[in-house]
$ cat data-v7.pdb   # PDB, C-alpha atoms, pLDDT in the B column
MODEL        1
ATOM      1  CA  MET A   1    -193.405   6.716  67.819  1.00 65.00           C
ATOM      2  CA  ARG A   2    -194.737   3.683  69.718  1.00 78.00           C
ATOM      3  CA  ASP A   3    -198.157   5.317  69.973  1.00 92.00           C
ATOM      4  CA  VAL A   4    -198.350   5.579  66.197  1.00 93.00           C
ATOM      5  CA  ALA A   5    -197.240   1.960  65.755  1.00 94.00           C
ATOM      6  CA  ARG A   6    -199.906   0.794  68.226  1.00 96.00           C
ATOM      7  CA  PHE A   7    -202.549   2.830  66.422  1.00 97.00           C
ATOM      8  CA  LEU A   8    -201.604   1.449  63.012  1.00 97.00           C
ATOM      9  CA  GLU A   9    -201.712  -2.101  64.385  1.00 97.00           C
ATOM     10  CA  ILE A  10    -205.256  -1.535  65.674  1.00 97.00           C
ATOM     11  CA  LEU A  11    -206.251  -0.471  62.167  1.00 98.00           C
ATOM     12  CA  ARG A  12    -204.502  -3.396  60.514  1.00 97.00           C
ATOM     13  CA  THR A  13    -206.188  -5.863  62.870  1.00 97.00           C
ATOM     14  CA  GLY A  14    -209.598  -4.345  62.164  1.00 97.00           C
ATOM     15  CA  PRO A  15    -212.924  -4.760  63.951  1.00 94.00           C
ATOM     16  CA  PRO A  16    -213.979  -8.112  65.460  1.00 91.00           C
ATOM     17  CA  LYS A  17    -216.180 -10.307  63.253  1.00 86.00           C
ATOM     18  CA  PRO A  18    -216.370  -7.860  60.322  1.00 90.00           C
ATOM     19  CA  ASP A  19    -219.531  -8.157  58.216  1.00 93.00           C
ATOM     20  CA  CYS A  20    -219.301  -6.538  54.773  1.00 95.00           C
ATOM     21  CA  ILE A  21    -216.229  -4.555  55.817  1.00 97.00           C
ATOM     22  CA  PHE A  22    -213.152  -3.866  53.683  1.00 97.00           C
ATOM     23  CA  ASN A  23    -210.031  -3.108  55.726  1.00 98.00           C
ATOM     24  CA  PRO A  24    -207.764  -0.830  53.617  1.00 98.00           C
ATOM     25  CA  TRP A  25    -204.760  -1.626  55.838  1.00 98.00           C
ATOM     26  CA  ARG A  26    -205.111  -5.429  55.656  1.00 98.00           C
ATOM     27  CA  ASP A  27    -207.260  -6.383  52.645  1.00 98.00           C
ATOM     28  CA  TRP A  28    -206.618  -6.263  48.915  1.00 97.00           C
ATOM     29  CA  ASP A  29    -208.488  -7.342  45.764  1.00 96.00           C
ATOM     30  CA  GLU A  30    -208.444  -7.075  41.969  1.00 96.00           C
ATOM     31  CA  ARG A  31    -208.840  -3.275  42.154  1.00 97.00           C
ATOM     32  CA  ASP A  32    -205.334  -2.935  43.627  1.00 98.00           C
ATOM     33  CA  ARG A  33    -202.230  -2.687  41.478  1.00 96.00           C
ATOM     34  CA  ALA A  34    -199.682  -5.488  41.392  1.00 96.00           C
ATOM     35  CA  PRO A  35    -198.197  -6.782  43.566  1.00 96.00           C
ATOM     36  CA  ARG A  36    -201.569  -6.620  45.299  1.00 97.00           C
ATOM     37  CA  ARG A  37    -200.428  -8.140  48.568  1.00 97.00           C
ATOM     38  CA  SER A  38    -198.198  -5.107  49.182  1.00 98.00           C
ATOM     39  CA  ALA A  39    -201.036  -2.575  48.848  1.00 98.00           C
ATOM     40  CA  PRO A  40    -202.290  -2.726  52.477  1.00 98.00           C
ATOM     41  CA  GLY A  41    -198.781  -2.122  53.806  1.00 98.00           C
ATOM     42  CA  GLU A  42    -198.328   0.803  51.436  1.00 98.00           C
ATOM     43  CA  ARG A  43    -201.565   2.328  52.690  1.00 98.00           C
ATOM     44  CA  LEU A  44    -200.329   1.929  56.278  1.00 98.00           C
ATOM     45  CA  GLU A  45    -197.150   3.775  55.291  1.00 98.00           C
ATOM     46  CA  ASN A  46    -199.221   6.532  53.669  1.00 98.00           C
ATOM     47  CA  LEU A  47    -201.217   7.032  56.850  1.00 98.00           C
ATOM     48  CA  GLY A  48    -198.094   6.966  58.994  1.00 97.00           C
ATOM     49  CA  ALA A  49    -196.537   9.719  56.875  1.00 97.00           C
ATOM     50  CA  TYR A  50    -199.770  11.745  56.982  1.00 98.00           C
ATOM     51  CA  LEU A  51    -199.909  11.574  60.784  1.00 97.00           C
ATOM     52  CA  GLY A  52    -196.187  12.188  61.166  1.00 97.00           C
ATOM     53  CA  ALA A  53    -196.549  15.485  59.312  1.00 97.00           C
ATOM     54  CA  ARG A  54    -199.167  16.606  61.875  1.00 97.00           C
ATOM     55  CA  ARG A  55    -197.954  15.064  65.107  1.00 96.00           C
ATOM     56  CA  SER A  56    -196.879  18.371  66.655  1.00 97.00           C
ATOM     57  CA  SER A  57    -198.832  20.863  64.516  1.00 97.00           C
ATOM     58  CA  ALA A  58    -202.436  19.584  64.450  1.00 97.00           C
ATOM     59  CA  ARG A  59    -205.013  21.718  66.265  1.00 95.00           C
ATOM     60  CA  VAL A  60    -208.329  20.150  65.229  1.00 92.00           C
ATOM     61  CA  MET A  61    -209.670  16.799  64.068  1.00 93.00           C
ATOM     62  CA  LEU A  62    -212.661  16.486  61.737  1.00 91.00           C
ATOM     63  CA  VAL A  63    -214.435  13.166  62.333  1.00 90.00           C
ATOM     64  CA  GLY A  64    -216.860  11.893  59.722  1.00 89.00           C
ATOM     65  CA  GLU A  65    -218.787   8.640  59.402  1.00 88.00           C
ATOM     66  CA  ALA A  66    -216.794   6.062  57.400  1.00 93.00           C
ATOM     67  CA  PRO A  67    -214.527   5.763  54.342  1.00 94.00           C
ATOM     68  CA  SER A  68    -215.901   5.448  50.833  1.00 92.00           C
ATOM     69  CA  HIS A  69    -214.860   2.896  48.219  1.00 95.00           C
ATOM     70  CA  ARG A  70    -212.935   5.568  46.281  1.00 94.00           C
ATOM     71  CA  GLY A  71    -211.047   7.502  48.959  1.00 96.00           C
ATOM     72  CA  CYS A  72    -209.416   6.038  52.040  1.00 97.00           C
ATOM     73  CA  ARG A  73    -209.963   2.586  50.552  1.00 97.00           C
ATOM     74  CA  PHE A  74    -207.041   3.293  48.198  1.00 98.00           C
ATOM     75  CA  THR A  75    -204.949   5.884  50.052  1.00 98.00           C
ATOM     76  CA  GLY A  76    -205.259   4.756  53.661  1.00 98.00           C
ATOM     77  CA  ILE A  77    -206.057   8.371  54.643  1.00 98.00           C
ATOM     78  CA  ALA A  78    -209.532   9.568  55.638  1.00 97.00           C
ATOM     79  CA  PHE A  79    -211.236  12.045  53.263  1.00 96.00           C
ATOM     80  CA  CYS A  80    -208.375  11.652  50.800  1.00 97.00           C
ATOM     81  CA  SER A  81    -208.362  10.090  47.349  1.00 98.00           C
ATOM     82  CA  GLU A  82    -205.539   9.398  44.935  1.00 98.00           C
ATOM     83  CA  THR A  83    -206.343  12.665  43.191  1.00 97.00           C
ATOM     84  CA  GLU A  84    -205.259  14.545  46.334  1.00 98.00           C
ATOM     85  CA  LEU A  85    -202.075  12.462  46.551  1.00 98.00           C
ATOM     86  CA  ILE A  86    -201.224  13.663  43.051  1.00 97.00           C
ATOM     87  CA  HIS A  87    -202.430  17.261  42.946  1.00 97.00           C
ATOM     88  CA  LYS A  88    -202.111  18.262  46.612  1.00 97.00           C
ATOM     89  CA  GLN A  89    -199.241  16.021  47.610  1.00 96.00           C
ATOM     90  CA  ALA A  90    -197.375  18.796  49.444  1.00 97.00           C
ATOM     91  CA  LEU A  91    -200.431  19.395  51.628  1.00 98.00           C
ATOM     92  CA  VAL A  92    -201.016  15.753  52.523  1.00 98.00           C
ATOM     93  CA  ALA A  93    -197.556  14.731  53.754  1.00 98.00           C
ATOM     94  CA  ARG A  94    -193.915  15.776  53.781  1.00 96.00           C
ATOM     95  CA  LYS A  95    -193.014  13.102  51.238  1.00 96.00           C
ATOM     96  CA  ARG A  96    -194.512  11.532  48.129  1.00 96.00           C
ATOM     97  CA  LEU A  97    -197.096   8.870  48.965  1.00 98.00           C
ATOM     98  CA  THR A  98    -198.022   5.688  47.103  1.00 98.00           C
ATOM     99  CA  LEU A  99    -200.938   5.191  44.721  1.00 98.00           C
ATOM    100  CA  THR A 100    -202.374   1.689  45.126  1.00 98.00           C
ATOM    101  CA  SER A 101    -205.288   1.378  42.695  1.00 98.00           C
ATOM    102  CA  ARG A 102    -204.870  -0.786  39.600  1.00 97.00           C
ATOM    103  CA  TYR A 103    -205.329   2.041  37.100  1.00 96.00           C
ATOM    104  CA  ALA A 104    -203.904   4.935  39.099  1.00 97.00           C
ATOM    105  CA  HIS A 105    -201.394   5.701  36.323  1.00 94.00           C
ATOM    106  CA  VAL A 106    -204.205   6.488  33.853  1.00 95.00           C
ATOM    107  CA  LYS A 107    -207.263   7.205  35.997  1.00 96.00           C
ATOM    108  CA  PRO A 108    -206.544   7.781  39.690  1.00 97.00           C
ATOM    109  CA  GLN A 109    -209.418   7.370  42.128  1.00 97.00           C
ATOM    110  CA  ARG A 110    -211.353  10.543  42.919  1.00 96.00           C
ATOM    111  CA  GLU A 111    -213.801  11.226  45.750  1.00 93.00           C
ATOM    112  CA  ARG A 112    -216.043  14.286  45.670  1.00 90.00           C
ATOM    113  CA  SER A 113    -216.052  14.946  49.433  1.00 88.00           C
ATOM    114  CA  ALA A 114    -212.259  14.687  49.502  1.00 93.00           C
ATOM    115  CA  ALA A 115    -211.938  17.252  46.709  1.00 93.00           C
ATOM    116  CA  VAL A 116    -214.222  19.692  48.540  1.00 90.00           C
ATOM    117  CA  ILE A 117    -212.559  19.413  51.933  1.00 92.00           C
ATOM    118  CA  TRP A 118    -208.989  19.592  50.614  1.00 95.00           C
ATOM    119  CA  ASP A 119    -209.833  22.669  48.545  1.00 94.00           C
ATOM    120  CA  GLU A 120    -211.108  24.339  51.728  1.00 92.00           C
ATOM    121  CA  ILE A 121    -208.056  23.264  53.725  1.00 94.00           C
ATOM    122  CA  ASP A 122    -205.838  24.601  50.958  1.00 96.00           C
ATOM    123  CA  ARG A 123    -207.634  27.962  50.909  1.00 94.00           C
ATOM    124  CA  ALA A 124    -207.358  28.241  54.686  1.00 94.00           C
ATOM    125  CA  GLY A 125    -203.630  27.497  54.590  1.00 95.00           C
ATOM    126  CA  ALA A 126    -204.143  24.990  57.406  1.00 94.00           C
ATOM    127  CA  ALA A 127    -203.090  21.684  55.868  1.00 97.00           C
ATOM    128  CA  PHE A 128    -200.956  20.566  58.795  1.00 98.00           C
ATOM    129  CA  GLU A 129    -203.269  21.945  61.472  1.00 97.00           C
ATOM    130  CA  VAL A 130    -206.181  19.670  60.520  1.00 97.00           C
ATOM    131  CA  VAL A 131    -206.474  15.897  60.949  1.00 97.00           C
ATOM    132  CA  LEU A 132    -209.182  14.023  59.052  1.00 97.00           C
ATOM    133  CA  TRP A 133    -210.712  10.862  60.494  1.00 96.00           C
ATOM    134  CA  ASN A 134    -213.837   8.681  60.570  1.00 94.00           C
ATOM    135  CA  ALA A 135    -215.904   7.367  63.478  1.00 91.00           C
ATOM    136  CA  PHE A 136    -215.709   3.958  61.807  1.00 94.00           C
ATOM    137  CA  PRO A 137    -212.322   3.933  60.044  1.00 97.00           C
ATOM    138  CA  TRP A 138    -212.829   0.804  57.899  1.00 98.00           C
ATOM    139  CA  HIS A 139    -214.934   0.736  54.704  1.00 97.00           C
ATOM    140  CA  PRO A 140    -218.481  -0.623  55.171  1.00 96.00           C
ATOM    141  CA  TYR A 141    -220.237  -1.823  52.016  1.00 96.00           C
ATOM    142  CA  VAL A 142    -223.580  -3.270  50.955  1.00 94.00           C
ATOM    143  CA  ALA A 143    -223.758  -7.069  50.855  1.00 93.00           C
ATOM    144  CA  GLU A 144    -223.587  -8.732  47.445  1.00 86.00           C
ATOM    145  CA  GLY A 145    -227.028  -9.447  46.008  1.00 79.00           C
ATOM    146  CA  ALA A 146    -228.756  -6.809  48.124  1.00 73.00           C
ATOM    147  CA  GLY A 147    -229.982  -4.965  45.035  1.00 73.00           C
ATOM    148  CA  GLY A 148    -228.793  -1.717  43.521  1.00 74.00           C
ATOM    149  CA  ARG A 149    -225.120  -0.882  43.921  1.00 79.00           C
ATOM    150  CA  CYS A 150    -223.600  -3.518  46.187  1.00 84.00           C
ATOM    151  CA  GLY A 151    -220.346  -5.291  46.950  1.00 90.00           C
ATOM    152  CA  VAL A 152    -216.960  -3.745  47.727  1.00 93.00           C
ATOM    153  CA  ALA A 153    -217.546  -0.930  45.211  1.00 92.00           C
ATOM    154  CA  SER A 154    -220.527   0.350  47.237  1.00 94.00           C
ATOM    155  CA  ASN A 155    -220.919   2.404  50.418  1.00 93.00           C
ATOM    156  CA  ARG A 156    -223.250   2.190  53.404  1.00 93.00           C
ATOM    157  CA  ARG A 157    -223.537   3.977  56.721  1.00 88.00           C
ATOM    158  CA  PRO A 158    -221.804   2.178  59.587  1.00 89.00           C
ATOM    159  CA  ARG A 159    -224.012   0.449  62.134  1.00 88.00           C
ATOM    160  CA  THR A 160    -224.037   1.717  65.703  1.00 83.00           C
ATOM    161  CA  THR A 161    -222.176  -1.387  66.867  1.00 85.00           C
ATOM    162  CA  GLU A 162    -219.524  -0.777  64.213  1.00 90.00           C
ATOM    163  CA  VAL A 163    -219.037   2.799  65.357  1.00 84.00           C
ATOM    164  CA  GLU A 164    -218.451   1.421  68.851  1.00 85.00           C
ATOM    165  CA  HIS A 165    -215.586  -0.682  67.454  1.00 90.00           C
ATOM    166  CA  GLY A 166    -214.114   2.501  65.980  1.00 93.00           C
ATOM    167  CA  ARG A 167    -213.839   4.149  69.388  1.00 90.00           C
ATOM    168  CA  ARG A 168    -210.686   2.241  70.327  1.00 92.00           C
ATOM    169  CA  ALA A 169    -208.984   3.422  67.149  1.00 95.00           C
ATOM    170  CA  LEU A 170    -210.050   7.025  67.789  1.00 94.00           C
ATOM    171  CA  LEU A 171    -208.650   7.023  71.318  1.00 93.00           C
ATOM    172  CA  ALA A 172    -205.398   5.485  70.069  1.00 95.00           C
ATOM    173  CA  LEU A 173    -205.214   8.130  67.358  1.00 96.00           C
ATOM    174  CA  LEU A 174    -205.489  10.933  69.923  1.00 94.00           C
ATOM    175  CA  ASP A 175    -202.446   9.457  71.701  1.00 95.00           C
ATOM    176  CA  CYS A 176    -200.377   9.919  68.528  1.00 96.00           C
ATOM    177  CA  PHE A 177    -200.128  13.687  68.969  1.00 96.00           C
ATOM    178  CA  THR A 178    -197.826  15.608  71.254  1.00 94.00           C
ATOM    179  CA  HIS A 179    -200.700  17.721  72.620  1.00 94.00           C
ATOM    180  CA  PRO A 180    -204.508  17.687  73.000  1.00 91.00           C
ATOM    181  CA  ILE A 181    -206.520  18.612  69.902  1.00 91.00           C
ATOM    182  CA  GLU A 182    -210.169  19.579  69.457  1.00 87.00           C
ATOM    183  CA  ILE A 183    -212.613  17.248  67.729  1.00 86.00           C
ATOM    184  CA  PHE A 184    -215.254  18.476  65.303  1.00 81.00           C
ATOM    185  CA  ALA A 185    -217.969  15.861  64.811  1.00 78.00           C
ATOM    186  CA  VAL A 186    -219.045  15.899  61.163  1.00 75.00           C
ATOM    187  CA  GLY A 187    -222.404  14.148  60.673  1.00 62.00           C
ATOM    188  CA  LYS A 188    -224.808  12.262  62.911  1.00 58.00           C
ATOM    189  CA  VAL A 189    -222.786   9.081  63.342  1.00 50.00           C
ATOM    190  CA  ALA A 190    -219.828  10.984  64.764  1.00 55.00           C
ATOM    191  CA  ARG A 191    -222.079  12.485  67.429  1.00 63.00           C
ATOM    192  CA  ASP A 192    -223.563   9.037  68.060  1.00 65.00           C
ATOM    193  CA  GLN A 193    -220.161   8.047  69.450  1.00 63.00           C
ATOM    194  CA  VAL A 194    -220.688  10.470  72.316  1.00 68.00           C
ATOM    195  CA  GLU A 195    -224.186   9.120  72.936  1.00 72.00           C
ATOM    196  CA  ASP A 196    -222.884   5.547  73.002  1.00 67.00           C
ATOM    197  CA  TYR A 197    -220.104   6.508  75.396  1.00 62.00           C
ATOM    198  CA  ALA A 198    -222.650   8.145  77.725  1.00 70.00           C
ATOM    199  CA  ARG A 199    -224.805   5.019  77.731  1.00 73.00           C
ATOM    200  CA  ARG A 200    -221.873   2.727  78.481  1.00 63.00           C
ATOM    201  CA  ALA A 201    -220.562   5.037  81.193  1.00 64.00           C
ATOM    202  CA  GLY A 202    -223.976   5.259  82.848  1.00 73.00           C
ATOM    203  CA  MET A 203    -224.291   9.012  82.455  1.00 73.00           C
ATOM    204  CA  SER A 204    -226.583  11.373  80.575  1.00 79.00           C
ATOM    205  CA  LEU A 205    -225.620  12.762  77.170  1.00 76.00           C
ATOM    206  CA  SER A 206    -225.266  16.249  78.646  1.00 77.00           C
ATOM    207  CA  GLU A 207    -222.920  14.925  81.344  1.00 75.00           C
ATOM    208  CA  ALA A 208    -220.797  13.121  78.760  1.00 71.00           C
ATOM    209  CA  GLU A 209    -220.633  16.218  76.565  1.00 69.00           C
ATOM    210  CA  LYS A 210    -219.539  18.353  79.508  1.00 69.00           C
ATOM    211  CA  TRP A 211    -216.850  15.834  80.401  1.00 63.00           C
ATOM    212  CA  LEU A 212    -215.647  15.622  76.781  1.00 62.00           C
ATOM    213  CA  ALA A 213    -216.091  19.362  76.159  1.00 60.00           C
ATOM    214  CA  PRO A 214    -212.336  20.064  75.731  1.00 52.00           C
ATOM    215  CA  TYR A 215    -212.362  17.642  72.768  1.00 49.00           C
ATOM    216  CA  LEU A 216    -215.709  18.482  71.159  1.00 56.00           C
ATOM    217  CA  ALA A 217    -216.362  21.434  68.932  1.00 48.00           C
ATOM    218  CA  TYR A 218    -219.971  20.934  67.905  1.00 52.00           C
ATOM    219  CA  GLU A 219    -222.400  23.294  69.600  1.00 52.00           C
ATOM    220  CA  LEU A 220    -223.928  21.836  72.749  1.00 53.00           C
ATOM    221  CA  GLU A 221    -227.639  22.255  73.361  1.00 51.00           C
ATOM    222  CA  THR A 222    -228.643  24.551  76.204  1.00 43.00           C
ATOM    223  CA  VAL A 223    -231.902  25.021  78.077  1.00 35.00           C
TER     224      VAL A 223
ENDMDL
END
$ encode --input "data-v7.pdb" --output "structure tokens"
Amino acid sequence: MRDVARFLEILRTGPPKPDCIFNPWRDWDERDRAPRRSAPGERLENLGAYLGARRSSARVMLVGEAPSHRGCRFTGIAFCSETELIHKQALVARKRLTLTSRYAHVKPQRERSAAVIWDEIDRAGAAFEVVLWNAFPWHPYVAEGAGGRCGVASNRRPRTTEVEHGRRALLALLDCFTHPIEIFAVGKVARDQVEDYARRAGMSLSEAEKWLAPYLAYELETV
């Protein structure tokens, strides 16, 4: 389980020089239940249990953009809110996981995208064959005073440089499984990871996609 421990430590450490980033596995604030300092560790344990339940059974990974302020922020699990921990607990992990929001006992956090995807996973009967993740695994938010909804209770798309920081976590995550699994890129930012890799490796996008083909499941363009 050293691969899992290394992966979780990468998440806990977080990206370098974070700017308007909330790290669910290190940070806490007034939205967490008491004792608040224990919440990040509990979210790490949640994620560890989630991955442990899929270590030898996962076949595909769905990679989105970044966590929202209502989902992974409180559970530590991508595309998963406290509502799923309560109502679909048997599908999320092999044991009961911890709710960390301040008012979880009366109004647990709910995320619309999490509800949709877990309903589909439930219908497919593939709960332990699918791993959910984000290209940028930490929660990016709009700076205070920027106008409109802002602060830690807001969401924004991750910057390209931030997605680059998420690559190390993604590669470490892939090492946590006993076998190779396919990756489905969900959304533009997830595909941008491949484009960034190609640029850094000095190859064309098509060359990078061919090289990564065993791990990609989005349709490649042909001419």
$ closest_residue --input "data-v7.pdb" --among "A:Arg94, A:Arg55, A:Arg36, A:Arg73" --to "Pro137 (chain A)" --atoms "all atoms listed in the file"
A:Arg73
$ closest_atom_pairs --input "data-v7.pdb" --of "region 42-126 of chain A" --to "region 153-167 of chain A" --cutoff "9 Å" --atoms "all atoms listed in the file" --output "JSON lines"
{"residue": "A:Glu65", "atom": "CA", "partner": "A:Pro158", "partner_atom": "CA", "distance": 7.1}
{"residue": "A:Ala66", "atom": "CA", "partner": "A:Pro158", "partner_atom": "CA", "distance": 6.7}
{"residue": "A:Pro67", "atom": "CA", "partner": "A:Asn155", "partner_atom": "CA", "distance": 8.2}
{"residue": "A:Ser68", "atom": "CA", "partner": "A:Asn155", "partner_atom": "CA", "distance": 5.9}
{"residue": "A:His69", "atom": "CA", "partner": "A:Ala153", "partner_atom": "CA", "distance": 5.6}
{"residue": "A:Arg70", "atom": "CA", "partner": "A:Ala153", "partner_atom": "CA", "distance": 8.0}
$ closest_residue --input "data-v7.pdb" --among "A:Arg6, A:Arg33, A:Lys95, A:Lys88" --to "Ala49 (chain A)" --atoms "all atoms listed in the file"
A:Lys95
$ atom_distance --input "data-v7.pdb" --atom1 "CA of Asp3 (chain A)" --atom2 "CA of Arg168 (chain A)"
12.9 Å
$ atom_distance --input "data-v7.pdb" --atom1 "CA of Pro24 (chain A)" --atom2 "CA of Glu42 (chain A)"
9.8 Å
$ closest_residue --input "data-v7.pdb" --among "A:Arg31, A:Leu132, A:Asp119, A:Pro140" --to "Pro18 (chain A)" --atoms "all atoms listed in the file"
A:Pro140
$ atom_distance --input "data-v7.pdb" --atom1 "CA of Ala5 (chain A)" --atom2 "CA of Cys20 (chain A)"
26.1 Å
$ closest_residue --input "data-v7.pdb" --among "A:Met61, A:Val4, A:Ala93, A:Arg43" --to "Pro180 (chain A)" --atoms "all atoms listed in the file"
A:Met61
$ residues_near_point --input "data-v7.pdb" --point "(-206.5, 17.0, 49.7)" --cutoff "6 Å" --atoms "only C-alpha atoms" --output "list in words"
Cys80, Glu84, Lys88 and Trp118 of chain A
